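**Student:** File coords_8.txt follows (compact mmCIF, C-alpha atoms):
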# COMPACT_ATOMS: atom_id res chain seq x y z
CA MET A 16 0.00 0.00 0.00
CA LEU A 17 2.89 2.36 0.78
CA GLN A 18 4.40 1.76 -2.63
CA LEU A 19 1.09 2.55 -4.32
CA ASN A 20 0.79 5.82 -2.39
CA GLN A 21 4.32 6.74 -3.43
CA GLU A 22 3.44 6.07 -7.04
CA LEU A 23 0.40 8.30 -6.76
CA ALA A 24 2.48 11.07 -5.22
CA LEU A 25 5.09 10.78 -7.97
CA ALA A 26 2.38 10.81 -10.64
CA SER A 27 0.87 13.94 -9.06
CA PHE A 28 4.23 15.67 -9.08
CA ASN A 29 4.96 14.71 -12.68
CA PHE A 30 1.51 15.85 -13.73
CA SER A 31 1.88 19.31 -12.17
CA PHE A 32 5.33 19.67 -13.75
CA ALA A 33 4.33 18.54 -17.23
CA TYR A 34 1.08 20.47 -17.37
CA THR A 35 2.88 23.73 -18.19
CA ASP A 36 4.31 22.26 -21.41
CA ASN A 37 1.94 22.24 -24.41
CA THR A 38 4.08 20.24 -26.86
CA LEU A 39 2.67 17.05 -28.38
CA SER A 40 5.10 14.96 -26.38
CA ALA A 41 4.10 16.65 -23.13
CA LYS A 42 0.43 16.19 -23.97
CA ARG A 43 0.94 12.45 -24.35
CA ASP A 44 2.95 12.37 -21.11
CA ILE A 45 0.06 14.05 -19.30
CA VAL A 46 -2.42 11.51 -20.70
CA GLU A 47 -0.18 8.63 -19.60
CA ILE A 48 0.15 10.13 -16.11
CA LEU A 49 -3.61 10.54 -15.83
CA ASN A 50 -4.09 6.94 -16.92
CA THR A 51 -1.49 5.76 -14.40
CA ARG A 52 -3.27 7.67 -11.62
CA GLY A 53 -6.61 6.26 -12.74
CA ILE A 54 -5.31 2.69 -12.73
CA ALA A 55 -3.80 3.18 -9.26
CA HIS A 56 -7.15 4.41 -7.92
CA ALA A 57 -9.01 1.54 -9.62
CA GLU A 58 -6.66 -1.03 -8.09
CA LYS A 59 -7.50 0.42 -4.66
CA GLY A 60 -11.22 0.16 -5.38
CA GLU A 61 -11.58 3.95 -5.68
CA TYR A 62 -13.60 3.71 -8.86
CA ASN A 63 -15.09 7.21 -8.91
CA LEU A 64 -11.65 8.78 -8.44
CA ALA A 65 -10.31 6.53 -11.19
CA ILE A 66 -13.08 7.59 -13.57
CA ASP A 67 -12.31 11.25 -12.81
CA GLU A 68 -8.72 10.69 -13.92
CA PHE A 69 -9.77 8.87 -17.09
CA ASN A 70 -12.25 11.67 -17.85
CA LYS A 71 -9.39 14.16 -17.69
CA ALA A 72 -7.30 11.95 -19.97
CA VAL A 73 -10.13 11.73 -22.52
CA GLU A 74 -10.59 15.48 -22.37
CA LYS A 75 -6.89 16.02 -22.96
CA ASP A 76 -6.73 13.56 -25.87
CA PRO A 77 -10.16 12.42 -27.18
CA CYS A 78 -8.54 9.99 -29.64
CA TYR A 79 -6.42 7.97 -27.19
CA ALA A 80 -8.03 4.49 -27.10
CA GLY A 81 -6.33 3.38 -23.91
CA SER A 82 -8.16 5.94 -21.79
CA TYR A 83 -11.56 4.71 -22.98
CA CYS A 84 -10.57 1.09 -22.42
CA ASN A 85 -9.34 1.81 -18.88
CA ARG A 86 -12.48 3.77 -18.06
CA GLY A 87 -14.56 0.93 -19.49
CA ILE A 88 -12.82 -1.56 -17.21
CA THR A 89 -13.55 0.68 -14.24
CA TYR A 90 -17.22 0.97 -15.17
CA TYR A 91 -17.29 -2.82 -15.52
CA LEU A 92 -15.84 -3.19 -12.02
CA LYS A 93 -18.58 -0.84 -10.75
CA GLY A 94 -21.19 -3.08 -12.40
CA GLU A 95 -22.13 -0.41 -14.97
CA HIS A 96 -21.83 -2.71 -17.95
CA GLU A 97 -23.62 -0.52 -20.50
CA LYS A 98 -21.22 2.36 -19.86
CA ALA A 99 -18.33 -0.09 -20.03
CA ILE A 100 -19.44 -1.37 -23.44
CA GLU A 101 -19.89 2.19 -24.69
CA ASP A 102 -16.29 2.98 -23.75
CA TYR A 103 -14.98 -0.22 -25.34
CA ASN A 104 -16.85 0.70 -28.53
CA THR A 105 -15.18 4.11 -28.56
CA ALA A 106 -11.76 2.55 -27.92
CA ILE A 107 -12.25 0.21 -30.88
CA LYS A 108 -13.42 3.12 -33.04
CA HIS A 109 -10.13 4.91 -32.41
CA LYS A 110 -8.02 1.74 -32.57
CA PRO A 111 -9.72 -0.94 -34.72
CA GLY A 112 -7.16 -3.66 -33.97
CA TYR A 113 -7.33 -3.20 -30.19
CA ALA A 114 -7.55 -6.81 -29.00
CA GLU A 115 -7.87 -5.91 -25.33
CA ALA A 116 -10.89 -3.69 -25.99
CA TYR A 117 -12.61 -6.49 -27.94
CA TYR A 118 -11.77 -8.93 -25.14
CA ASN A 119 -13.15 -6.65 -22.44
CA ARG A 120 -16.27 -5.90 -24.46
CA GLY A 121 -16.79 -9.62 -24.93
CA GLY A 122 -16.59 -10.11 -21.17
CA ALA A 123 -19.16 -7.40 -20.55
CA CYS A 124 -21.49 -8.91 -23.17
CA LEU A 125 -21.06 -12.31 -21.53
CA ILE A 126 -22.21 -10.88 -18.20
CA LYS A 127 -25.23 -9.34 -19.97
CA HIS A 128 -26.02 -12.71 -21.60
CA ASP A 129 -25.46 -11.24 -25.05
CA PHE A 130 -23.73 -14.45 -26.08
CA LYS A 131 -23.83 -13.78 -29.81
CA GLN A 132 -21.88 -10.53 -29.46
CA ALA A 133 -19.55 -12.08 -26.89
CA ILE A 134 -18.67 -14.89 -29.30
CA LYS A 135 -18.12 -12.36 -32.08
CA ASP A 136 -15.79 -10.29 -29.89
CA PHE A 137 -13.75 -13.24 -28.61
CA THR A 138 -13.46 -14.53 -32.18
CA THR A 139 -12.00 -11.18 -33.22
CA VAL A 140 -9.51 -11.39 -30.34
CA ILE A 141 -8.46 -14.86 -31.48
CA GLU A 142 -8.03 -13.63 -35.05
CA LEU A 143 -5.81 -10.82 -33.77
CA ASN A 144 -3.94 -13.05 -31.32
CA PRO A 145 -4.32 -16.82 -31.93
CA ASP A 146 -2.43 -17.62 -28.72
CA TYR A 147 -4.81 -15.74 -26.42
CA ALA A 148 -5.88 -18.68 -24.23
CA GLU A 149 -8.37 -16.68 -22.16
CA ALA A 150 -10.26 -15.67 -25.30
CA TYR A 151 -10.80 -19.34 -26.17
CA SER A 152 -11.87 -20.07 -22.60
CA HIS A 153 -14.41 -17.25 -22.48
CA ARG A 154 -15.73 -17.96 -25.97
CA GLY A 155 -16.16 -21.52 -24.73
CA ASN A 156 -18.23 -20.17 -21.84
CA ALA A 157 -20.42 -18.24 -24.27
CA TYR A 158 -20.97 -21.36 -26.38
CA HIS A 159 -21.65 -23.33 -23.18
CA TYR A 160 -24.35 -20.89 -22.06
CA LYS A 161 -25.89 -21.05 -25.53
CA GLY A 162 -26.03 -24.84 -25.28
CA GLU A 163 -23.50 -25.35 -28.09
CA LEU A 164 -21.46 -27.74 -25.98
CA ASN A 165 -19.30 -29.33 -28.67
CA LYS A 166 -18.07 -25.88 -29.72
CA ALA A 167 -17.50 -25.02 -26.07
CA ILE A 168 -15.42 -28.16 -25.54
CA THR A 169 -13.34 -27.41 -28.64
CA ASP A 170 -12.53 -23.96 -27.25
CA TYR A 171 -11.80 -25.27 -23.75
CA SER A 172 -9.45 -27.83 -25.29
CA GLN A 173 -7.53 -25.15 -27.16
CA ALA A 174 -7.27 -23.06 -23.99
CA ILE A 175 -5.78 -26.09 -22.21
CA VAL A 176 -3.26 -26.66 -25.00
CA LEU A 177 -2.17 -23.02 -24.80
CA LYS A 178 -2.12 -22.86 -20.99
CA PRO A 179 -2.06 -26.41 -19.62
CA LYS A 180 -1.19 -25.28 -16.09
CA VAL A 181 -4.55 -23.55 -15.52
CA ALA A 182 -6.16 -26.23 -13.36
CA LYS A 183 -9.66 -24.71 -13.39
CA SER A 184 -9.82 -25.26 -17.18
CA TYR A 185 -9.95 -29.01 -16.66
CA TYR A 186 -12.94 -28.64 -14.36
CA THR A 187 -14.71 -26.34 -16.82
CA ARG A 188 -14.28 -28.78 -19.69
CA GLY A 189 -15.16 -31.68 -17.41
CA GLU A 190 -18.47 -30.05 -16.55
CA ALA A 191 -19.19 -29.56 -20.26
CA TRP A 192 -18.52 -33.27 -20.85
CA LEU A 193 -21.04 -34.05 -18.09
CA CYS A 194 -23.73 -32.05 -19.87
CA ILE A 195 -23.50 -34.28 -22.97
CA GLY A 196 -23.04 -37.56 -21.10
CA LYS A 197 -19.39 -38.18 -22.03
CA TRP A 198 -18.56 -39.92 -18.77
CA GLU A 199 -15.03 -41.13 -19.49
CA GLU A 200 -13.88 -37.71 -20.69
CA ALA A 201 -15.65 -35.99 -17.79
CA GLN A 202 -14.08 -38.29 -15.21
CA ARG A 203 -10.63 -37.74 -16.72
CA ASP A 204 -10.91 -33.92 -16.63
CA LEU A 205 -12.48 -33.78 -13.18
CA THR A 206 -9.80 -36.10 -11.81
CA ALA A 207 -7.07 -33.97 -13.41
CA ALA A 208 -8.59 -30.90 -11.78
CA ILE A 209 -8.58 -32.65 -8.38
CA LEU A 210 -4.93 -33.64 -8.80
CA GLN A 211 -4.09 -30.00 -9.44
CA GLY A 212 -5.82 -28.74 -6.31
CA VAL A 213 -9.32 -27.86 -7.53
CA ASP A 214 -12.13 -28.76 -5.12
CA VAL A 215 -14.45 -29.99 -7.87
CA ALA A 216 -17.24 -30.93 -5.42
CA GLU A 217 -17.34 -27.44 -3.92
CA THR A 218 -17.11 -25.79 -7.36
CA PHE A 219 -19.90 -27.99 -8.72
CA HIS A 220 -22.21 -27.34 -5.78
CA ASN A 221 -21.53 -23.60 -5.84
CA THR A 222 -22.67 -23.56 -9.47
CA HIS A 223 -25.53 -26.05 -9.43
CA ASP A 224 -26.55 -26.32 -5.74
CA ASN A 225 -26.68 -30.11 -5.94
CA VAL A 226 -26.62 -33.11 -8.27
CA ALA A 227 -30.42 -33.28 -8.49
CA ALA A 228 -30.62 -29.68 -9.69
CA PHE A 229 -27.93 -30.35 -12.32
CA GLU A 230 -29.69 -33.49 -13.56
CA LYS A 231 -33.02 -31.68 -13.80
CA LYS A 232 -31.48 -28.78 -15.72
CA THR A 233 -29.45 -30.89 -18.17
CA GLY A 234 -31.67 -33.95 -18.45
CA VAL A 235 -28.73 -36.31 -17.78
CA LYS A 236 -28.36 -38.92 -15.06
CA LEU A 237 -24.91 -38.96 -13.51
CA PRO A 238 -23.28 -42.37 -12.94
CA GLU A 239 -22.12 -43.38 -9.47
CA ASP A 240 -18.38 -42.91 -10.10
CA ILE A 241 -18.97 -39.35 -11.29
CA MET A 242 -21.23 -38.61 -8.33
CA ASP A 243 -18.44 -39.85 -6.05
CA LEU A 244 -16.06 -37.25 -7.51
CA LEU A 245 -18.68 -34.55 -6.92
CA THR A 246 -19.47 -35.55 -3.33
CA PRO A 247 -18.14 -33.11 -0.69
CA ARG A 248 -15.76 -34.77 1.76
CA GLN A 249 -13.68 -33.83 4.78
CA GLU A 250 -10.44 -35.36 3.48
CA PRO A 251 -9.00 -34.88 -0.03
CA LEU A 252 -9.88 -37.63 -2.50
CA GLU A 253 -6.95 -40.01 -2.93
CA ILE A 254 -6.05 -40.94 -6.51
CA ASP A 255 -3.87 -44.05 -6.84
CA LYS A 256 -0.59 -43.92 -8.79
CA GLU A 257 -1.76 -46.21 -11.61
CA THR A 258 -4.79 -43.99 -12.27
CA ARG A 259 -2.64 -40.87 -12.23
CA ILE A 260 -0.20 -42.34 -14.75
CA ALA A 261 -2.96 -43.56 -17.08
CA LEU A 262 -4.61 -40.16 -16.89
CA ALA A 263 -1.38 -38.33 -17.69
CA MET A 264 -0.63 -40.69 -20.59
CA LYS A 265 -4.00 -39.85 -22.12
CA TYR A 266 -3.36 -36.10 -21.98
CA TYR A 267 0.08 -36.67 -23.47
CA GLU A 268 -1.40 -38.85 -26.22
CA ASN A 269 -3.94 -36.10 -27.00
CA GLU A 270 -1.04 -33.60 -27.24
CA GLU A 271 -2.54 -31.45 -24.50
CA LEU A 272 0.44 -31.90 -22.16
CA SER A 273 4.15 -32.19 -22.81
CA SER A 274 5.89 -35.19 -21.28
CA GLY A 275 7.25 -32.94 -18.52
CA LEU A 276 3.84 -31.62 -17.51
CA ALA A 277 2.26 -35.06 -17.91
CA ALA A 278 4.91 -36.56 -15.64
CA ARG A 279 4.15 -33.89 -13.04
CA LEU A 280 0.44 -34.74 -13.21
CA ALA A 281 1.30 -38.44 -12.88
CA GLY A 282 3.46 -37.75 -9.86
CA VAL A 283 6.58 -39.38 -11.33
CA SER A 284 9.86 -38.17 -12.77
CA ARG A 285 10.05 -37.36 -16.46
CA GLU A 286 12.50 -40.25 -16.94
CA GLU A 287 10.10 -42.71 -15.30
CA PHE A 288 7.26 -41.33 -17.40
CA TRP A 289 9.33 -41.89 -20.56
CA TYR A 290 10.10 -45.45 -19.43
CA LEU A 291 6.40 -46.20 -18.86
CA MET A 292 5.33 -44.87 -22.26
CA GLY A 293 6.04 -48.19 -23.93
CA ASN A 294 3.31 -49.79 -21.83
CA TYR A 295 0.84 -47.40 -23.47
CA GLY A 296 2.22 -47.60 -27.02
CA LEU A 297 3.52 -44.04 -26.87
CA SER A 298 6.76 -42.35 -27.94
CA PRO A 299 8.71 -39.77 -25.90
CA PHE A 300 8.71 -37.59 -29.04
CA GLY A 301 4.95 -37.60 -29.41
CA THR A 302 4.40 -33.84 -29.13
CA ALA A 303 5.88 -31.01 -31.12
CA GLU A 304 6.98 -29.30 -27.91
CA ASP A 305 8.91 -32.36 -26.74
CA LEU A 306 10.56 -32.76 -30.13
CA ARG A 307 11.61 -29.10 -30.19
CA THR A 308 13.02 -29.45 -26.66
CA GLU A 309 15.02 -32.53 -27.51
CA LEU A 310 16.37 -31.02 -30.73
CA GLU A 311 17.37 -27.86 -28.86
CA ASN A 312 19.11 -29.93 -26.17
CA ALA A 313 20.93 -31.89 -28.88
CA ARG A 314 22.00 -28.67 -30.60
CA LYS A 315 23.36 -27.24 -27.36
CA SER A 316 25.24 -30.46 -26.59
CA SER A 317 26.88 -30.44 -30.03
CA HIS A 318 28.28 -26.95 -29.40
CA GLN A 319 29.75 -27.73 -25.99
Could I get this file's structure written as structure tokens?

**Tutor:**
Amino acid sequence: MLQLNQELALASFNFSFAYTDNTLSAKRDIVEILNTRGIAHAEKGEYNLAIDEFNKAVEKDPCYAGSYCNRGITYYLKGEHEKAIEDYNTAIKHKPGYAEAYYNRGGACLIKHDFKQAIKDFTTVIELNPDYAEAYSHRGNAYHYKGELNKAITDYSQAIVLKPKVAKSYYTRGEAWLCIGKWEEAQRDLTAAILQGVDVAETFHNTHDNVAAFEKKTGVKLPEDIMDLLTPRQEPLEIDKETRIALAMKYYENEELSSGLAARLAGVSREEFWYLMGNYGLSPFGTAEDLRTELENARKSSHQ
């Protein structure tokens, strides 16, 4: 907190110093300072003060997209989603390829249940930045809410490939599998989430209240082994080593995890994981990432 106050004081000093200079460079410096002050206030939850700073920045430079985007985020945090979307629209008008503005607008539309626009926005983000994992995840949510579960699962899968360490993604995809009765896939993802520290029972019950409510809403009947995973318990669910290894091998086979990450999920060393691959008909060079790593290691060794 002390550091933040110091930053605000410094920004105030810089602002008062720069304000006397009317050059283009000084004008941009003032706008950046106002945005920095606004962000600092927003991070402290002082949303009205933040908006005041962004208002000044917009007044100083009405064409600077970042000020509108920052003010939009602040309105979103205040729960004023219409104002947020209006600011994102203005930001995009001034900067048509502004991926962050499209992403934020998509999030606001998702909250408003405007799933069609949300999907359109997240698709634009992906076109601008194909490696934006969160855009795939949120577009998957929009498809999920629309009931287009296969499209949702495709997006969740891509998000996992791009950011395999995000444990909650496995739960999210696992829940989507449940909705279409794909029990093996659901059990695999829910188990992976558990192994990475997600309390899937608590998450499920926070979302759906209970199993009966979920079954009534989706029209599916959960099997006993799935219900066991979703049952709240005092002690963490124990997953035996053989199950962990088989689970990790499947993710490796699907090219969703590198051998290193799969070994971590399995709870074994990478060398042991490589040794066990033969039992599953797999090769240690089964993913592009692994192959690149091994080639790079070989190249380095040859130059030593």

**Student:** Can you tell me, as a PyMOL selection string, what residues are no more than 12 Å from Lys178 (chain A) when counting all atoms listed in the file, ignoring any on the same chain fewer than 4 positions away?

**Tutor:** chain A and resi 146-152+171-174+182-185+271-273+276

**Student:** So which residues touch Arg248 (chain A) within 12 Å, counting all atoms listed in the file, skipping near sequence neighbours fewer than 2 positions away, as a list in words?

**Tutor:** Asp214, Val215, Ala216, Glu217, Asp243, Leu244, Leu245, Thr246, Glu250, Pro251, Leu252 and Glu253 of chain A

**Student:** Calculated over only C-alpha atoms, which of the candidates A:Val283, A:Leu125, A:Leu193, A:Ala208 has the smallest distance to Ile175 (chain A)?

**Tutor:**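 Nearest candidate to Ile175 (chain A) out of A:Val283, A:Leu125, A:Leu193, A:Ala208: A:Ala208.
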
**Student:** Just give me the gap between CA of Asn50 (chain A) and CA of Phe69 (chain A) in Å, one decimal is fine.

**Tutor:** 6.0 Å

**Student:** Rank nothing, just name the residue among A:Lys127, A:Lys232, A:His220, A:Lys161 nearest to His96 (chain A), using all atoms listed in the file.

**Tutor:**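 For His96 (chain A), the nearest of the given residues is A:Lys127.
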
**Student:** Could you tell me how far CA of Cys78 (chain A) lies from CA of Arg52 (chain A), in Å and to one decimal?

**Tutor:**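 Computed distance, CA of Cys78 (chain A) to CA of Arg52 (chain A), equals 18.9 Å.
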
**Student:** Please compute the CA of Gly189 (chain A)-CA of Ala201 (chain A) distance, one decimal, in Å.

**Tutor:**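 Between these atoms lies a distance of 4.4 Å.
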
**Student:** Using 5 Å of padding on each side, determine the axis-aligned box around all atoms of region 128-137 of chain A present in the file and give its centre and edge lengths in Å to one decimal, as AutoDock Vina command-line options.

**Tutor:**
--center_x -19.9 --center_y -12.6 --center_z -26.8 --size_x 22.3 --size_y 14.6 --size_z 20.5

**Student:** Which residues come within 8 Å of Asp76 (chain A), counting all atoms listed in the file, excluding same-chain residues fewer than 2 positions away, as a list in words?

**Tutor:**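 With the cut-off at 8 Å, the set is Lys42, Arg43, Val46, Ala72, Val73, Glu74, Cys78 and Tyr79 of chain A.
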
**Student:** When you count only C-alpha atoms, which of these residues is closest to Thr258 (chain A): A:Asn225, A:Ser274, A:Gln202, A:Asn63?

**Tutor:**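 For Thr258 (chain A), the nearest of the candidates is A:Gln202.
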
**Student:** Restricting the calculation to all atoms listed in the file, which member of A:Arg285, A:His109, A:Arg279, A:Arg259 is positioned closest to Ala80 (chain A)?

**Tutor:** A:His109
